[in-house]
Amino acid sequence: MYQFFYDLTGNVIISTIAVAVVPLVNILIVALIGVYLERKVSAWMQDRVGPNRTGPLGLFQTVADFVKMLQKEDATSTEIDRKLYNIAPVLVFAGTFASFAAIPFSKHLIGSEIEVGLFYILAVSSFVVAGILMAGWASNNKYSLLGSMRAAAQIISYEIPTAIVVLSMVMLTGTLSLTQISEIQTAHFWNWYIFGGPGLALSKFLLIPFMIVGFIIIFISTLAEVNRTPFDIPEAESELVAGYFTEYCGTKWAMFMLAEYGNMFAVSAIVSILFFGGYQSPFGYLGNTLGVSWLIPLEQVGWFIAKGWFFIFIQMWLRWTLPRLRVDQLMSLCWKYLIPYAIVNLVIIGIISLL
Amino acid sequence: MNYYDILFYLFAIITLASAWFVVTTRNVIYSAFFLLFTFFGVAGIYVLLAADFIAVVQIMVYVGGILILLLFGVMLTNKITNVDIKSGTANLLSASLLTGVLMGALVSVMIFTDWKVEPAEIQTTTIKTLGTMLLTDYVLFFELLGILLLIALIGAASIARREKE
Amino acid sequence: MKQYFKNTWDGIYTVLVGMRITFKHLFTPAVTIQYPEVKVKLPDRVRNRLYVNMDDCIGCDQCARACPVSCIEIETVKSVPGEDLGITSNGKKKALWVTKFDIDIAKCCYCQLCVFPCPTECIYMTDVYEFSEYDRSNFIYKFSTLDNEEVEQKKINHEKFQAEKEAQKAAVAAAKPKPEAPAQPSAN
């Protein structure tokens, strides 16, 4: 994408900014629709109606909320650590935003085609942890500090099963680049890694159950990494008010919210790239059959966003199904169940990929 | 001066300035958080050196692992903000001798290294060669490091699990 | 070990069961009643806003006396002979001008105790329950059908009549020379 803009404008700065704007717009849209959808889905699952007063079907509810949030007074406590307090939301949002640099929306619509994309996304999420700790500390509030401690412990713990599953996928695909992983699973849905990957060898069919296990593990652990229910003990509103962003309001609070929804989309994207073909269409491309080549990138973006939204919907579905886990249950799920299964899965996938 | 130079100086300034604050600030929390920016700046310089894997590992290990551990340690320590950090001068002679020797060694390395000044072919990826080297030429060190980390892990677990009698 | 795998299976299975239930509810129509547009049908004999049908009121003051919170205020003026006040719907002849019939609904406790004593069943509870106001003084409902001028007129009429009666009495008293004034033994 950078090369495209560079050829178009011939200016490094303009093309860099253009590359950065695309994921930013995506995050904004995800947050805007995501908040609305969250309210609607929760309402439908509880046999309610949900927002329906602001605009047709309540569609402008989030817009109204954003406008409200932007003009809110920035009320802060006097006892906060003002410097860290102001940096923390920026850091959290930057960590989320940075991960979008390596996510391919289509074959060419990607911020940076770095080879270590997958690893890079795992790495930059640690800025989010640092930002959360900073927010919790700077707020000078017991709830915030507890929430941030819980968040950090949780994210670090659940990074391990995520990393192990990612490792097994990297072993299988032989690359860390998200574009190449998507390219391998091209054309049809039976080439997706959840169905054993491309080819028709025996290993494909042997892989399927272990791929499903890997998918479940990475889905649970990424769900925990973005602090969503049932893993929302850092925010646990019934015990910690709002966790690490208790003391924030207005625009800064909105940045935490943006980061949360951006993260949701990012982890959905990773799961869909690893197991569900990323931007690849499940049924082949309309552009290929019609012979219209410019249609293919649009289809790819459409499929990618649709898959992202599908997993966001599943996250919401789980959120309104399951109650919150206790801290010890959370840790035992990670260390006693997910990690052993992930390691066994890694070894088995390694053996199968040698076949 | 092209954009890469500007980026290099930007990252260099971030690294140096935050490193300076890490050492001089009297608030332990501030030191810990300035360390974050130091690591970030170093990672940026690695990227400019076309060492993408090292840069990512830098962020993953230092920011994601060590810094978070450090912050946990600092935050869980009681009354950390009230502790007077000793940053006065002591053992002036031996310290200056030591730093002088270290400085001399670094400067001599800088001077006597055969730097490649001509624009080299920037590799798009380093992971393939890195992986091959780690598992062929340096496999002994690699495995030894793995065993060392495993021992540390088991040791930490056994210390944490020790039951009171 | 067996327990471990059973736990794993239970974890996955129960989550799926829960997800099935919530998925079903995704398509269940909402049970929400959207209040201002749709209203729940109230049961019979609900107790809400009080209403007084002034055509039937005879000004007997029984409701005001029954009220435990004294939210009803009634003032009456006797009618003069010759004035026709009409009759109530159950055939009682009205004899009093009701010059003031105020109910402070903000005080009302909706006990319905005022409704039972009414001989003409003119005070009753309606099913209106949306009557919030911006000013508290608007909660004093004035039911009297007479306006201020008429009230003054009635008062003057009554006083005039009273004065005439007094005058008549005096005249009669003057006409009689010396009657045995305390005629009734019960007077003392």
# chains A, B, ... in the order shown; residues from 1 in each chain; ligands from 1

call {"tool": "interface_residues", "arguments": {"of": "chain C", "to": "chain A", "cutoff": "7 Å", "atoms": "only C-alpha atoms", "output": "ChimeraX atom specification"}}
result
/C:18-19,22,25-26,28-32

call {"tool": "interface_residues", "arguments": {"of": "chain A", "to": "chain B", "cutoff": "10 Å", "atoms": "only C-alpha atoms", "output": "VMD selection string"}}
result
chain A and resid 12 to 13 83 to 84 113 to 117 119 to 131 133 to 134 137 to 138 145 149 152 to 153 155 to 156 159 174 to 176

call {"tool": "residues_around", "arguments": {"residues": "Ile312 of chain A", "least_positions_apart": "3", "cutoff": "10 Å", "atoms": "only C-alpha atoms", "output": "ChimeraX atom specification"}}
result
/A:30,34,37-38,223,261,264-269,306-309,315-318

call {"tool": "write_last_selection", "arguments": {"atoms": "C-alpha atoms", "output": "PDB file, in the first residue's frame"}}
result
ATOM      1  CA  VAL A  30     -15.196  -0.558  14.302  1.00  0.00           C
ATOM      2  CA  GLY A  34     -19.104  -2.099  17.554  1.00  0.00           C
ATOM      3  CA  LEU A  37     -23.850  -3.666  17.839  1.00  0.00           C
ATOM      4  CA  GLU A  38     -22.809  -4.582  21.354  1.00  0.00           C
ATOM      5  CA  LEU A 223     -10.435 -13.059  24.189  1.00  0.00           C
ATOM      6  CA  TYR A 261     -12.711  -2.121  20.139  1.00  0.00           C
ATOM      7  CA  MET A 264     -11.211  -6.746  19.398  1.00  0.00           C
ATOM      8  CA  PHE A 265     -10.945  -6.295  15.655  1.00  0.00           C
ATOM      9  CA  ALA A 266      -7.204  -6.946  15.680  1.00  0.00           C
ATOM     10  CA  VAL A 267      -7.455 -10.276  17.476  1.00  0.00           C
ATOM     11  CA  SER A 268     -10.418 -11.279  15.324  1.00  0.00           C
ATOM     12  CA  ALA A 269      -8.268 -10.484  12.302  1.00  0.00           C
ATOM     13  CA  ALA A 306     -16.848  -9.698   7.225  1.00  0.00           C
ATOM     14  CA  LYS A 307     -14.693 -12.320   8.918  1.00  0.00           C
ATOM     15  CA  GLY A 308     -13.477  -9.765  11.439  1.00  0.00           C
ATOM     16  CA  TRP A 309     -17.040  -8.806  12.280  1.00  0.00           C
ATOM     17  CA  GLN A 315     -16.961 -12.348  21.217  1.00  0.00           C
ATOM     18  CA  MET A 316     -20.138 -10.436  21.988  1.00  0.00           C
ATOM     19  CA  TRP A 317     -22.133 -13.637  21.983  1.00  0.00           C
ATOM     20  CA  LEU A 318     -19.776 -15.127  24.564  1.00  0.00           C
TER      21      LEU A 318
END

call {"tool": "residues_around", "arguments": {"residues": "Leu167 of chain A", "least_positions_apart": "4", "cutoff": "10 Å", "atoms": "only C-alpha atoms", "output": "PyMOL selection string"}}
result
chain A and resi 118-119+161-163+171-174+176+342-343+346+350

call {"tool": "write_last_selection", "arguments": {"atoms": "C-alpha atoms", "output": "mmCIF file, in the first residue's frame"}}
result
data_model
loop_
_atom_site.group_PDB
_atom_site.id
_atom_site.type_symbol
_atom_site.label_atom_id
_atom_site.label_comp_id
_atom_site.auth_asym_id
_atom_site.auth_seq_id
_atom_site.Cartn_x
_atom_site.Cartn_y
_atom_site.Cartn_z
ATOM 1 C CA LEU A 118 2.739 -12.077 13.400
ATOM 2 C CA PHE A 119 5.529 -11.742 15.914
ATOM 3 C CA PRO A 161 -0.936 -19.976 24.900
ATOM 4 C CA THR A 162 -1.422 -17.443 22.097
ATOM 5 C CA ALA A 163 2.277 -17.524 21.318
ATOM 6 C CA MET A 171 5.862 -24.185 11.995
ATOM 7 C CA LEU A 172 3.179 -25.364 9.621
ATOM 8 C CA THR A 173 3.285 -22.404 7.247
ATOM 9 C CA GLY A 174 6.986 -21.648 7.441
ATOM 10 C CA LEU A 176 5.697 -15.106 9.985
ATOM 11 C CA ALA A 342 -1.266 -25.874 23.412
ATOM 12 C CA ILE A 343 2.100 -27.527 23.985
ATOM 13 C CA LEU A 346 2.348 -27.906 19.074
ATOM 14 C CA GLY A 350 5.090 -30.543 14.395
#

call {"tool": "select_by_dssp", "arguments": {"residues": "segment 57-133 of chain C", "states": "strand (DSSP E)", "output": "list in words"}}
result
Ile72, Glu73, Ile74, Glu75, Thr76, Val77, Lys78, Leu96, Trp97, Val98, Thr99, Lys100, Phe101, Asp102, Ile103, Asp104, Ile123, Tyr124 and Met125 of chain C

call {"tool": "select_by_dssp", "arguments": {"residues": "segment 49-85 of chain C", "states": "alpha helix (DSSP H)", "output": "PDB file with N, CA and C atoms, in the first residue's frame"}}
result
ATOM      1  N   GLN C  62     -68.177  15.206  53.334  1.00  0.00           N
ATOM      2  CA  GLN C  62     -67.813  13.923  53.948  1.00  0.00           C
ATOM      3  C   GLN C  62     -66.471  13.416  53.448  1.00  0.00           C
ATOM      4  N   CYS C  63     -66.199  13.689  52.176  1.00  0.00           N
ATOM      5  CA  CYS C  63     -64.919  13.228  51.630  1.00  0.00           C
ATOM      6  C   CYS C  63     -63.763  13.941  52.302  1.00  0.00           C
ATOM      7  N   ALA C  64     -63.897  15.226  52.519  1.00  0.00           N
ATOM      8  CA  ALA C  64     -62.830  15.997  53.144  1.00  0.00           C
ATOM      9  C   ALA C  64     -62.565  15.489  54.550  1.00  0.00           C
ATOM     10  N   ARG C  65     -63.650  15.106  55.242  1.00  0.00           N
ATOM     11  CA  ARG C  65     -63.455  14.605  56.600  1.00  0.00           C
ATOM     12  C   ARG C  65     -62.842  13.211  56.605  1.00  0.00           C
ATOM     13  N   ALA C  66     -63.105  12.448  55.555  1.00  0.00           N
ATOM     14  CA  ALA C  66     -62.551  11.093  55.509  1.00  0.00           C
ATOM     15  C   ALA C  66     -61.076  11.091  55.144  1.00  0.00           C
TER      16      ALA C  66
END

call {"tool": "atom_distance", "arguments": {"atom1": "atom CA of Phe11 of chain B", "atom2": "atom CA of Ile54 of chain B"}}
result
15.9 Å

call {"tool": "residues_around", "arguments": {"residues": "segment 228-236 of chain A", "least_positions_apart": "5", "cutoff": "7 Å", "atoms": "only C-alpha atoms", "output": "list in words"}}
result
Gly147, Ser148, Arg150, Ala151, Leu223, Val241, Ala242, Gly243, Tyr244, Arg319, Leu322, Pro323, Arg324 and Leu325 of chain A

call {"tool": "write_last_selection", "arguments": {"atoms": "C-alpha atoms", "output": "tab-separated table (two decimals), in the first residue's frame"}}
result
chain	number	residue	atom	x	y	z
A	147	GLY	CA	-7.56	-3.35	37.79
A	148	SER	CA	-4.31	-2.58	36.04
A	150	ARG	CA	-5.08	-7.79	37.11
A	151	ALA	CA	-5.01	-6.70	33.47
A	223	LEU	CA	-10.43	-13.06	24.19
A	241	VAL	CA	-16.03	0.33	39.10
A	242	ALA	CA	-14.27	0.38	35.73
A	243	GLY	CA	-10.85	-1.00	36.56
A	244	TYR	CA	-7.84	0.85	35.24
A	319	ARG	CA	-19.86	-11.94	26.57
A	322	LEU	CA	-20.94	-16.39	30.27
A	323	PRO	CA	-20.46	-14.91	33.72
A	324	ARG	CA	-17.13	-13.46	34.77
A	325	LEU	CA	-14.39	-15.81	35.90

call {"tool": "residues_around", "arguments": {"residues": "Ile14 of chain B", "least_positions_apart": "4", "cutoff": "7 Å", "atoms": "only C-alpha atoms", "output": "list of chain:residue names"}}
result
B:Leu10, B:Ser18, B:Phe37, B:Thr38, B:Gly41

call {"tool": "write_last_selection", "arguments": {"atoms": "N, CA and C atoms", "output": "PDB file, in the first residue's frame"}}
result
ATOM      1  N   LEU B  10      15.762  11.021  15.468  1.00  0.00           N
ATOM      2  CA  LEU B  10      14.602  11.024  16.359  1.00  0.00           C
ATOM      3  C   LEU B  10      14.703   9.886  17.370  1.00  0.00           C
ATOM      4  N   SER B  18      15.642   9.586  27.185  1.00  0.00           N
ATOM      5  CA  SER B  18      14.932   8.801  28.192  1.00  0.00           C
ATOM      6  C   SER B  18      15.920   8.026  29.055  1.00  0.00           C
ATOM      7  N   PHE B  37      10.575   3.966  27.052  1.00  0.00           N
ATOM      8  CA  PHE B  37      10.899   4.748  25.865  1.00  0.00           C
ATOM      9  C   PHE B  37      12.312   4.458  25.385  1.00  0.00           C
ATOM     10  N   THR B  38      13.213   4.155  26.330  1.00  0.00           N
ATOM     11  CA  THR B  38      14.558   3.769  25.908  1.00  0.00           C
ATOM     12  C   THR B  38      14.507   2.519  25.047  1.00  0.00           C
ATOM     13  N   GLY B  41      13.106   3.271  21.658  1.00  0.00           N
ATOM     14  CA  GLY B  41      14.062   3.946  20.781  1.00  0.00           C
ATOM     15  C   GLY B  41      15.082   2.975  20.227  1.00  0.00           C
TER      16      GLY B  41
END

call {"tool": "residues_around", "arguments": {"residues": "Ile156 of chain C", "least_positions_apart": "5", "cutoff": "12 Å", "atoms": "only C-alpha atoms", "output": "ChimeraX atom specification"}}
result
/C:77-80,149-151,161-164
